[in-house]
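Peer 1: First the structure, then my questions, so here it is.
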Amino acid sequence: MSEISGVDITWQDFSVKGPLSKTEKKRRLKENLPIDDKVIINNVSGTMRAGSFTAIMGPSGCGKTTMLNFLSNRRYYLKGLKVTGDVLVNGNSRKSIDFNSITGYVMQDDVIMESMTVEEVLTFTAKLRLPAEIWKDRIEQVIKDLELHNCRKSEVGGVLKKGISGGEKKRVSIGIEMLTDPAILFLDEPTTGLDSYNSENLVDKLNDLAKKGITVVCTIHQPNSFIYASFDQVLLLAGGYMMFHGDAKDAIKHFGDLGFPCPKFSNPAEHLLGLLSPIDDSYESRMEIFSNAIVPDNEVVEQREVRHALQTKESTFWEELMALGGRILKNLTRNKLIFVFKVVANVIFILLTLMAFYQICDGHSSTSVSDRAGVIFFILVYIAFMAVNSSGAYADEKAMFIREQASKTYRPHAYYLSKLLFEAPVDIIVRVLVIFLVYLGVGLSLDKAEQIFIFVAIAVLVELDARGWGNFLVISIPNIQAASAAAPFLLIVQLLFAGFFINYNNIPDYLIWLEYMSMFKYSWGGAMINEFNTWDQAKCGSNPMCDPNDFYDLKISLGMNILALAILAIGTHGFAYLCLVKLARKFRL
Ligand SMILES: Nc1ncnc2c1ncn2[C@@H]1O[C@H](COP(=O)(O)OP(=O)(O)OP(=O)(O)O)[C@@H](O)[C@H]1O
């Protein structure tokens with residue numbers, strides 16, 4: 001590990017107030033009590049020294065996570081709260097330094113690309129954030145420090161595919177943050193979900209990192225006695241106060257001296273949490289004793305330079321695009337099941353369509369006109385529904401995107417473009433093959449060779465439009481289930497106003513804007529004009545249907561329909577991209 005100039009972090013007069021819950025507000029209103037904001041943390045100050053390992057502990061709801069968010073500057077998570085106080089780093093105001101570049105934050109959940117190996121995960125971040133001369137050595141160092149040799153070539157895995165263990169996964173999450181050699185490492189409940197062996201092992205590793213000069217700060221729920229003994233510092237929060245901050249061993253003595261000794265053979269952490277939790281009638285009196293005995297932590301830190309020992313870099317757009325593209329391709333080739341499913345779904349579609357509509361369009365009767373209109377509509381609808389669902393990758397990767405944005409690993413436009421250039425083409429190639437086969441099989445017009453190519457071009461634009469809508473929904477709606485429910489609804493509305501179910505003339509004026517936004521209006525209209533381009537009305541007869549342009553009120557030219565589809569594609573992807581930028585801004589530190 002490179003030499004870190006140690007960093008002391010000081011917080012001064014930190015207070016947090018938050019809105020009352022609805023039920024509490026109702027109760028207070030009923031009892032004529034004031035309904036002011038509740039105090040979550042009340043004017044606390046203190047310092048964590050370089051090279052210390054501090055655990056923030058306290059009963060549920062005491063403000064541990066809020067405190068960690070404040071210290072680590074994760075402002076988005078403090079939204080809705082009234083927060084006051086300052087943070088100093090080596091005696092300098094946090095605002096005066098690039099705080100993000102000297103910190104790492106490990107989220108409670110390990111959000112890592114499941115199909116990649118441990119080494120690939122580390123390489124992805126290292127290549128983007130570190131200069132070419134050092135990234136390989138740095139990966140080796142992190143693997144050594146976090147003892148990841150045994151699993152370096154193993155896939156991370158997930159719920160459906162067994163991969164590395166939970167403890168290893170957590171160490172990989174820490175490793176990603178450690179690549180840039182941060183001076184301060186924040187961890188939100190790092191042992192949650194781990195068995196005691198893995199928890200102890202992890203805490204050991206964190207202790208080792210602290211011994212190398214890093215200021216390690218974590219929140220923790222109920223550590224066992226071995227883990228408690230591994231902390232050098234504990235910060236105990238309860239009832240809005242910092243009840244204790246200092247040596248973990250001194251905490252036992254402090255509360256013992258106040259008349260609450262830790263019983264023999266019991267877990268000190270459990271004993272302390274029991275004392276600080278409202279579990280019995282004597283809670284109020286205990287709190288009074290503890291708050292009167294608070295030793296203020298007003299240690300003055302002399303001002304000194306904040307120096308980041310390791311040189312990091314800002315990657316170029318091209319590097320980001322290539323790294324993201326490589327990750328997408330690895331993910332695609334390793335998730336064979338998804339690929340197989342897509343191929344099978346398309347093959348079934350071809351077979352069913354050909355069984356139902358084989359050469360149905362071959363004819364010159366009025367029935368053939370409605371058959372052609374129906375088949376064209378059916379193919380376009382199929383493409384749109386398949387494409388709108390392909391935005392799932394954005395949903396699966398949202399948490400990972402947020403983590404990577406918080407550490408500014410790449411820019412949102414590189415991410416969005418990588419999806420369009422590396423993920424979409426695989427689907428589009430499959431779809432083009434399907435459309436060729438179906439077009440020939442159902443017997444759509446081949447009077448002019450370009451007709452089939454124009455139809456394919458229209459279908460690809462529908463694919464892009466639907467993908468744009470899908471991306472927009474998945475990125476802009478925070479709830480994935482709500483976004484999935486909205487996608488078919490959005491398509492159904494566009495279907496209704498395509499001109500197939502309701503003739504354009506019959507659409508009420510106040511709903512006309514829905515017609516203009518319908519990708520089916522332009523794709524179906526364009527494909528119909530293309531299909532009947534060479535139509536010989538004389539062979540069909542006098543049935544009104546024999547003049548499809550007039551019967552279906554197809555007024556927009558083929559070129560204009562294609563242009564409208566292209567504008568819709570640019571518009572929907574543009575909106576989706578803007579939502580992605582907004583999402584990234586929320587979480588970028
Ligand atoms: N953004 C917010 N808006 C409103 N209230 C909030 C917000 N964030 C936290 N709170 C409230 O602040 C209090 C402290 O929450 P916090 O999550 O920090 O506690 P915690 O000690 O980490 O809890 P736990 O151990 O259960 O995770 C809770 O009452 C919570 O409801």
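Letters A, B, ... mark the chains of the structure tokens in the order given; residue numbers begin at 1 per chain; ligand numbers begin at 1, in order shown.
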Region 296-308 of chain A: which residues within 12 Å, counting only C-alpha atoms, same-chain residues fewer than 4 positions away excluded, as a PDB file with C-alpha atoms, in the first residue's frame?

Peer 2:
```
ATOM      1  CA  SER A   2       1.318   3.425  -0.843  1.00  0.00           C
ATOM      2  CA  GLU A   3       2.004   5.802   1.945  1.00  0.00           C
ATOM      3  CA  ILE A   4      -1.064   7.803   2.925  1.00  0.00           C
ATOM      4  CA  SER A   5      -0.768  11.112   4.606  1.00  0.00           C
ATOM      5  CA  GLY A   6      -3.168  10.392   7.489  1.00  0.00           C
ATOM      6  CA  VAL A   7      -6.392  12.299   7.681  1.00  0.00           C
ATOM      7  CA  ASP A   8      -8.199  13.458  10.808  1.00  0.00           C
ATOM      8  CA  ILE A   9     -11.889  14.102  10.335  1.00  0.00           C
ATOM      9  CA  THR A  10     -13.653  16.510  12.694  1.00  0.00           C
ATOM     10  CA  TRP A  11     -17.346  17.302  12.911  1.00  0.00           C
ATOM     11  CA  GLN A  12     -18.535  20.393  14.730  1.00  0.00           C
ATOM     12  CA  ASP A  13     -21.970  21.264  16.118  1.00  0.00           C
ATOM     13  CA  ASN A  43     -25.305  19.325  18.486  1.00  0.00           C
ATOM     14  CA  VAL A  44     -22.521  16.768  18.595  1.00  0.00           C
ATOM     15  CA  SER A  45     -18.825  17.371  17.913  1.00  0.00           C
ATOM     16  CA  GLY A  46     -15.800  15.122  17.749  1.00  0.00           C
ATOM     17  CA  THR A  47     -12.742  13.939  15.850  1.00  0.00           C
ATOM     18  CA  MET A  48     -11.698  10.648  14.318  1.00  0.00           C
ATOM     19  CA  ARG A  49      -7.957  10.380  14.074  1.00  0.00           C
ATOM     20  CA  ALA A  50      -5.931   9.115  11.127  1.00  0.00           C
ATOM     21  CA  VAL A  87     -16.802  18.910   8.784  1.00  0.00           C
ATOM     22  CA  LEU A  88     -13.076  19.622   8.873  1.00  0.00           C
ATOM     23  CA  VAL A  89     -10.390  17.484   7.310  1.00  0.00           C
ATOM     24  CA  ASN A  90      -6.980  17.913   8.938  1.00  0.00           C
ATOM     25  CA  GLY A  91      -8.372  21.175  10.320  1.00  0.00           C
ATOM     26  CA  ASN A  92      -9.382  22.444   6.838  1.00  0.00           C
ATOM     27  CA  SER A  93     -12.960  23.073   5.815  1.00  0.00           C
ATOM     28  CA  ARG A  94     -14.252  20.143   3.760  1.00  0.00           C
ATOM     29  CA  SER A  96     -11.899  23.742   0.482  1.00  0.00           C
ATOM     30  CA  ILE A  97     -10.654  20.295  -0.610  1.00  0.00           C
ATOM     31  CA  ASP A  98     -11.636  17.619  -3.136  1.00  0.00           C
ATOM     32  CA  PHE A  99     -13.194  15.442  -0.447  1.00  0.00           C
ATOM     33  CA  ASN A 100     -14.459  12.808  -2.876  1.00  0.00           C
ATOM     34  CA  SER A 101     -10.948  12.045  -4.114  1.00  0.00           C
ATOM     35  CA  ILE A 102      -9.704  11.069  -0.641  1.00  0.00           C
ATOM     36  CA  THR A 103     -12.694   8.991   0.454  1.00  0.00           C
ATOM     37  CA  THR A 180      -7.669   4.730  -5.391  1.00  0.00           C
ATOM     38  CA  ASP A 181      -6.050   4.387  -1.977  1.00  0.00           C
ATOM     39  CA  PRO A 182      -8.509   6.607  -0.069  1.00  0.00           C
ATOM     40  CA  ALA A 183      -7.436   8.267   3.165  1.00  0.00           C
ATOM     41  CA  ILE A 184     -10.887   7.739   4.678  1.00  0.00           C
ATOM     42  CA  ILE A 214      -6.560   4.923   6.764  1.00  0.00           C
ATOM     43  CA  LEU A 235     -19.107   6.219  18.892  1.00  0.00           C
ATOM     44  CA  TYR A 241     -26.847  12.523  21.878  1.00  0.00           C
ATOM     45  CA  MET A 242     -23.370  11.187  21.401  1.00  0.00           C
ATOM     46  CA  MET A 243     -23.254   9.225  24.635  1.00  0.00           C
ATOM     47  CA  PHE A 244     -19.682   8.112  24.248  1.00  0.00           C
ATOM     48  CA  HIS A 245     -16.819   8.504  21.794  1.00  0.00           C
ATOM     49  CA  GLY A 246     -13.469   6.954  22.524  1.00  0.00           C
ATOM     50  CA  SER A 291     -26.198  12.566  29.163  1.00  0.00           C
ATOM     51  CA  ASN A 292     -24.952  14.275  32.335  1.00  0.00           C
ATOM     52  CA  THR A 312      -5.577   9.210  -9.948  1.00  0.00           C
TER      53      THR A 312
END
```

Peer 1: Could you name the residues that touch Ile379 (chain A) at 10 Å or less, counting only C-alpha atoms, but leaving out those on the same chain fewer than 6 positions away, as a ChimeraX atom specification?

Peer 2: /A:349,353,434-435,438-439,459,524

Peer 1: Export N, CA and C atoms of the chosen residues as a PDB file, in the first residue's frame?

Peer 2:
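So the final result, stored in result.pdb, reads:
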```
ATOM      1  N   PHE A 349     -41.834 -17.094 -32.566  1.00  0.00           N
ATOM      2  CA  PHE A 349     -42.605 -16.059 -33.263  1.00  0.00           C
ATOM      3  C   PHE A 349     -42.638 -16.346 -34.774  1.00  0.00           C
ATOM      4  N   THR A 353     -46.073 -17.286 -36.671  1.00  0.00           N
ATOM      5  CA  THR A 353     -46.531 -16.325 -37.689  1.00  0.00           C
ATOM      6  C   THR A 353     -46.685 -17.030 -39.038  1.00  0.00           C
ATOM      7  N   VAL A 434     -35.283 -11.982 -38.280  1.00  0.00           N
ATOM      8  CA  VAL A 434     -36.670 -12.421 -38.082  1.00  0.00           C
ATOM      9  C   VAL A 434     -37.592 -11.731 -39.097  1.00  0.00           C
ATOM     10  N   ILE A 435     -37.400 -10.424 -39.251  1.00  0.00           N
ATOM     11  CA  ILE A 435     -38.303  -9.660 -40.128  1.00  0.00           C
ATOM     12  C   ILE A 435     -38.154 -10.114 -41.581  1.00  0.00           C
ATOM     13  N   VAL A 438     -39.998 -13.456 -41.877  1.00  0.00           N
ATOM     14  CA  VAL A 438     -41.453 -13.311 -41.765  1.00  0.00           C
ATOM     15  C   VAL A 438     -42.006 -12.593 -42.997  1.00  0.00           C
ATOM     16  N   TYR A 439     -41.294 -11.574 -43.436  1.00  0.00           N
ATOM     17  CA  TYR A 439     -41.739 -10.798 -44.611  1.00  0.00           C
ATOM     18  C   TYR A 439     -41.904 -11.727 -45.821  1.00  0.00           C
ATOM     19  N   ALA A 459     -38.979  -1.170 -39.359  1.00  0.00           N
ATOM     20  CA  ALA A 459     -39.021  -2.026 -38.166  1.00  0.00           C
ATOM     21  C   ALA A 459     -37.863  -1.702 -37.212  1.00  0.00           C
ATOM     22  N   TRP A 524     -46.738   2.026 -39.066  1.00  0.00           N
ATOM     23  CA  TRP A 524     -47.769   1.288 -39.807  1.00  0.00           C
ATOM     24  C   TRP A 524     -48.145   2.046 -41.082  1.00  0.00           C
TER      25      TRP A 524
END
```

Peer 1: List all protein, DNA and RNA residues that have at least one atom no more than 8 Å from any atom of ligand 1, counting only C-alpha atoms and all ligand atoms, and write them as a PyMOL selection string.

Peer 2: chain A and resi 17-21+40+57-67+77-81+219-221

Peer 1: Could you pull the residues within 9 Å of Ala487 (chain A), counting only C-alpha atoms, minus those fewer than 5 positions along the same chain, as a list in words?

Peer 2: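 Final neighbour list, sorted by chain and number: Phe385, Val388, Asn389, Trp469, Gly470, Leu473, Val474, Ala482 and Ile492 of chain A.
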
Peer 1: Can you list, as a ChimeraX atom specification, every residue of region 265-363 of chain A that DSSP puts in alpha helix (DSSP H)?

Peer 2: /A:268-276,283-292,317-334,336-357

Peer 1: Given the selection you just returned, output its residues as a file containing C-alpha atoms, formatted as a PDB file, in the first residue's frame.

Peer 2:
```pdb
ATOM      1  CA  PRO A 268     -20.023  -5.859  25.714  1.00  0.00           C
ATOM      2  CA  ALA A 269     -21.730  -4.566  22.559  1.00  0.00           C
ATOM      3  CA  GLU A 270     -25.018  -6.183  23.557  1.00  0.00           C
ATOM      4  CA  HIS A 271     -24.649  -4.775  27.068  1.00  0.00           C
ATOM      5  CA  LEU A 272     -24.074  -1.236  25.749  1.00  0.00           C
ATOM      6  CA  LEU A 273     -26.940  -1.423  23.239  1.00  0.00           C
ATOM      7  CA  GLY A 274     -29.237  -2.723  25.987  1.00  0.00           C
ATOM      8  CA  LEU A 275     -28.352   0.281  28.147  1.00  0.00           C
ATOM      9  CA  LEU A 276     -29.007   2.741  25.325  1.00  0.00           C
ATOM     10  CA  TYR A 283     -34.726   4.183  30.195  1.00  0.00           C
ATOM     11  CA  GLU A 284     -35.441   7.890  30.878  1.00  0.00           C
ATOM     12  CA  SER A 285     -33.497   7.950  34.128  1.00  0.00           C
ATOM     13  CA  ARG A 286     -30.598   6.050  32.522  1.00  0.00           C
ATOM     14  CA  MET A 287     -30.489   8.552  29.682  1.00  0.00           C
ATOM     15  CA  GLU A 288     -30.334  11.407  32.163  1.00  0.00           C
ATOM     16  CA  ILE A 289     -27.376   9.820  33.953  1.00  0.00           C
ATOM     17  CA  PHE A 290     -25.596   9.125  30.667  1.00  0.00           C
ATOM     18  CA  SER A 291     -26.198  12.566  29.163  1.00  0.00           C
ATOM     19  CA  ASN A 292     -24.952  14.275  32.335  1.00  0.00           C
ATOM     20  CA  PHE A 317     -14.685   9.415 -23.157  1.00  0.00           C
ATOM     21  CA  TRP A 318     -13.151   6.791 -25.477  1.00  0.00           C
ATOM     22  CA  GLU A 319     -11.624   4.825 -22.568  1.00  0.00           C
ATOM     23  CA  GLU A 320     -14.967   4.887 -20.783  1.00  0.00           C
ATOM     24  CA  LEU A 321     -16.871   3.765 -23.858  1.00  0.00           C
ATOM     25  CA  MET A 322     -14.469   0.876 -24.502  1.00  0.00           C
ATOM     26  CA  ALA A 323     -14.443  -0.260 -20.851  1.00  0.00           C
ATOM     27  CA  LEU A 324     -18.244  -0.134 -20.630  1.00  0.00           C
ATOM     28  CA  GLY A 325     -18.611  -1.836 -24.018  1.00  0.00           C
ATOM     29  CA  GLY A 326     -16.254  -4.611 -22.947  1.00  0.00           C
ATOM     30  CA  ARG A 327     -18.264  -5.135 -19.781  1.00  0.00           C
ATOM     31  CA  ILE A 328     -21.515  -5.344 -21.746  1.00  0.00           C
ATOM     32  CA  LEU A 329     -20.078  -7.909 -24.175  1.00  0.00           C
ATOM     33  CA  LYS A 330     -18.701 -10.053 -21.333  1.00  0.00           C
ATOM     34  CA  ASN A 331     -22.070  -9.906 -19.630  1.00  0.00           C
ATOM     35  CA  LEU A 332     -23.895 -10.845 -22.841  1.00  0.00           C
ATOM     36  CA  THR A 333     -21.657 -13.806 -23.647  1.00  0.00           C
ATOM     37  CA  ARG A 334     -21.784 -15.119 -20.073  1.00  0.00           C
ATOM     38  CA  LYS A 336     -26.228 -17.439 -22.198  1.00  0.00           C
ATOM     39  CA  LEU A 337     -29.671 -18.139 -20.794  1.00  0.00           C
ATOM     40  CA  ILE A 338     -30.922 -14.664 -21.721  1.00  0.00           C
ATOM     41  CA  PHE A 339     -29.494 -15.025 -25.228  1.00  0.00           C
ATOM     42  CA  VAL A 340     -31.015 -18.498 -25.649  1.00  0.00           C
ATOM     43  CA  PHE A 341     -34.374 -17.169 -24.437  1.00  0.00           C
ATOM     44  CA  LYS A 342     -34.281 -14.346 -26.965  1.00  0.00           C
ATOM     45  CA  VAL A 343     -33.435 -16.715 -29.815  1.00  0.00           C
ATOM     46  CA  VAL A 344     -36.136 -19.210 -28.775  1.00  0.00           C
ATOM     47  CA  ALA A 345     -38.769 -16.439 -28.457  1.00  0.00           C
ATOM     48  CA  ASN A 346     -37.925 -15.181 -31.946  1.00  0.00           C
ATOM     49  CA  VAL A 347     -37.937 -18.678 -33.467  1.00  0.00           C
ATOM     50  CA  ILE A 348     -41.353 -19.373 -31.911  1.00  0.00           C
ATOM     51  CA  PHE A 349     -42.605 -16.059 -33.263  1.00  0.00           C
ATOM     52  CA  ILE A 350     -41.413 -16.955 -36.778  1.00  0.00           C
ATOM     53  CA  LEU A 351     -42.982 -20.424 -36.629  1.00  0.00           C
ATOM     54  CA  LEU A 352     -46.340 -19.240 -35.271  1.00  0.00           C
ATOM     55  CA  THR A 353     -46.531 -16.325 -37.689  1.00  0.00           C
ATOM     56  CA  LEU A 354     -45.758 -18.532 -40.660  1.00  0.00           C
ATOM     57  CA  MET A 355     -48.212 -21.216 -39.526  1.00  0.00           C
ATOM     58  CA  ALA A 356     -50.976 -18.631 -39.164  1.00  0.00           C
ATOM     59  CA  PHE A 357     -50.186 -16.315 -42.070  1.00  0.00           C
TER      60      PHE A 357
END
```

Peer 1: Can you list, as a tab-separated table (two decimals) with C-alpha atoms, in the first residue's frame, every protein, DNA or RNA residue that comes within 8 Å of region 531-548 of chain A when you count only C-alpha atoms, leaving out same-chain residues fewer than 6 positions away?

Peer 2:
```tsv
chain	number	residue	atom	x	y	z
A	364	HIS	CA	-55.25	-8.98	-55.09
A	365	SER	CA	-58.62	-9.05	-53.35
A	366	SER	CA	-59.98	-6.65	-50.76
A	369	VAL	CA	-55.67	-5.67	-48.29
A	370	SER	CA	-56.98	-6.21	-44.77
A	444	LEU	CA	-45.69	-9.19	-48.40
A	445	SER	CA	-44.95	-7.32	-51.60
A	447	ASP	CA	-42.74	-6.21	-56.61
A	448	LYS	CA	-39.79	-3.92	-56.05
A	451	GLN	CA	-39.79	-2.79	-50.46
A	554	LEU	CA	-52.87	7.27	-45.30
```

Peer 1: Got a sec: who's within 12 Å of region 508-513 of chain A, counting only C-alpha atoms, leaving out chain neighbours fewer than 5 positions off, as an MDAnalysis selection string?

Peer 2: chainID A and resid 493:494 496:499 502:503 518 521

Peer 1: Can you work out which one of A:Arg585, A:Tyr105, A:Ser390, A:Met519 has the shortest atom-to-atom distance to Leu563 (chain A), counting only C-alpha atoms?

Peer 2: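 Using only C-alpha atoms, the shortest distance to Leu563 (chain A) belongs to A:Met519.
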
Peer 1: Give the answer as one residue: which of A:Leu440, A:Leu421, A:Leu461, A:Ala251 has the shortest atom-to-atom distance to Ala387 (chain A), using only C-alpha atoms?

Peer 2: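 The closest residue to Ala387 (chain A) is A:Leu461.
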
Peer 1: Neighbouring residues of Asp232 (chain A) were defined as those with any atom within 7 Å, considering only C-alpha atoms; residues of the same chain fewer than 6 positions away were excluded. Please report them as a PyMOL selection string.

Peer 2: chain A and resi 52-54+247-248

Peer 1: Give me, as an MDAnalysis selection string, all polymer residues having an atom no more than 8 Å from Phe231 (chain A), counting only C-alpha atoms and skipping those fewer than 2 positions away in the same chain.

Peer 2: chainID A and resid 53:55 207 227:229 233:234 248

Peer 1: Okay, now the selection with N, CA and C atoms, as a compact mmCIF listing (two decimals), in the first residue's frame?

Peer 2:
```txt
# COMPACT_ATOMS: atom_id res chain seq x y z
N PHE A 53 -9.94 3.02 13.70
CA PHE A 53 -11.07 2.25 13.17
C PHE A 53 -12.23 2.49 14.14
N THR A 54 -13.24 3.23 13.69
CA THR A 54 -14.34 3.61 14.57
C THR A 54 -15.64 2.95 14.13
N ALA A 55 -16.36 2.39 15.10
CA ALA A 55 -17.68 1.84 14.81
C ALA A 55 -18.72 2.76 15.40
N ASN A 207 -9.33 -3.55 10.25
CA ASN A 207 -8.34 -3.16 11.25
C ASN A 207 -6.96 -3.01 10.63
N ILE A 227 -15.70 -9.12 17.60
CA ILE A 227 -15.70 -7.95 16.71
C ILE A 227 -15.58 -6.66 17.52
N TYR A 228 -16.34 -6.62 18.63
CA TYR A 228 -16.26 -5.41 19.47
C TYR A 228 -14.82 -5.15 19.91
N ALA A 229 -14.13 -6.25 20.28
CA ALA A 229 -12.75 -6.10 20.76
C ALA A 229 -11.81 -5.63 19.64
N GLN A 233 -12.06 2.35 18.30
CA GLN A 233 -12.90 3.44 18.80
C GLN A 233 -14.37 3.07 18.61
N VAL A 234 -15.21 3.50 19.54
CA VAL A 234 -16.65 3.38 19.30
C VAL A 234 -17.29 4.75 19.50
N ALA A 248 -12.75 1.66 22.59
CA ALA A 248 -13.82 0.67 22.79
C ALA A 248 -13.79 0.11 24.23
```

Peer 1: Let me make sure I understand: among A:Ile428, A:Pro263, A:Leu446, A:Gly441, which one has the smallest atom-to-atom distance to Ile383 (chain A) if we use only C-alpha atoms?

Peer 2: A:Ile428

Peer 1: Using only C-alpha atoms, find the one residue out of A:Gly574, A:Gly392, A:Pro425, A:Gly525 that sits nearest to Ile480 (chain A).

Peer 2: A:Gly392
